[in-house]
Amino acid sequence: MKDSVSYTANKSEDVSNHLISEDDNELITEEHLYHGYPEKRYKAVHGLNTQTYRLTTAILGILCAVLISTIIGLFISYKGLSEKHIVLSQNSSETNSNLEQLKANYDQLTAALVKVQKSFQEAVSAKDSMQMERERERAGKELLQRQKEALMKQETSLQTRITMLERNCERCPVGWELLHSTCYFFAPIETAEKLSWHRSREECKKTGADLAMVDSQEKQEFISRILKGKGPSSRSWHLSGYWIGLSDIKSEGVWKWVNGTELTKGFWFDGEPNDQYSAEDCAATYPKENPLKTWNDAPCDFILKWICELKLQES
């Protein structure tokens, strides 16, 4: 459309130039022909003006035609643009509608995703709870199994002790404790009587016994259990001990039992024996929380309680 309007304008411009050129030529010719003749000159000029008006009118007509053509072209272009605008508007409306639909679908999917995530978290929590419950059940079963095994062990130990008691019934003197085939006497804490290590040994020998030889862990635990049940025999811990048949009187640092055998395993306090002031040559045991750390070396002339040991005769 733009090319058609341009072509029309160019065509009109060419025609105008041609007409102007012809009028100029005629004016020059007539001016020469009628030079010197006023009447003829008037007629020539009057005729020239008429031709100029005609020429101007023709040019204006052409310009009007060009303007009309331009207006028509612009109208056609505007109409085309309007139609395109309508189409674009329709497409835009459709696009907006699709966009709203997509947004609604997105919101629905988001809500569904949140719901799925919540369900997943609930499932994970339920799984963790079940796992913890299974762990608690397993731990409970293991605890029950250990308790069962401990009870069975205690039952076996009690049965063994009952058997021994039945076999050795009334074989220990009154007030003595029995372990296997050996009777033990613990100086009573109800009395204030305490003796040195040597006097304690003499007291044991009066009954045919001797100071106790704690030469095994079983004996150590047995004696510690009884002492713990009796409680301390003095407010001062170093005076609450019980002499046992162990000393290094003959050779410093070489601890031997009263039967002459050398100590192989001891149950000393931490840091003991230390032979403080080079005067601690006799061993005593004390009521302590740890049953395997109850021994201390002390001066043999300390006055303490004592433990006697009497082996039963095999029948």
# chains A, B, ... in the order shown; residues from 1 in each chain; ligands from 1
$ residues_around --residues "A:Ala187" --least-positions-apart "5" --cutoff "9 Å" --atoms "only C-alpha atoms" --output "number ranges by chain"
A: 193-194, 242, 305-308
$ residues_around --residues "A:Gly241" --least-positions-apart "4" --cutoff "8 Å" --atoms "only C-alpha atoms" --output "VMD selection string"
chain A and resid 232 to 233 237 284 to 287 304 to 306
$ closest_residue --among "A:Ser93, A:Thr294, A:Glu262, A:Lys153" --to "A:Gln217" --atoms "only C-alpha atoms"
A:Thr294
$ residues_around --residues "A:Gly231" --least-positions-apart "3" --cutoff "12 Å" --atoms "only C-alpha atoms" --output "ChimeraX atom specification"
/A:188-190,224-228,234-235,237,240-242,286-289
$ select_by_dssp --residues "stretch 37-227 of chain A" --states "helix (DSSP H, G or I)" --output "ChimeraX atom specification"
/A:38-167,197-205,217-227
$ atom_distance --atom1 "atom CA of A:Trp257" --atom2 "atom CA of A:His238"
21.6 Å
$ select_by_dssp --residues "stretch 87-288 of chain A" --states "strand (DSSP E)" --output "count of residues only"
22
$ atom_distance --atom1 "atom CA of A:Phe75" --atom2 "atom CA of A:Val87"
18.1 Å
$ residues_around --residues "stretch 209-212 of chain A" --least-positions-apart "2" --cutoff "12 Å" --atoms "only C-alpha atoms" --output "NGL selection string"
:A and (172-173 or 176 or 182-187 or 196-207 or 214-216 or 219-220 or 223 or 242-247 or 257-259 or 282-285 or 305-312)
$ atom_distance --atom1 "atom CA of A:Asn296" --atom2 "atom CA of A:Ser251"
17.4 Å
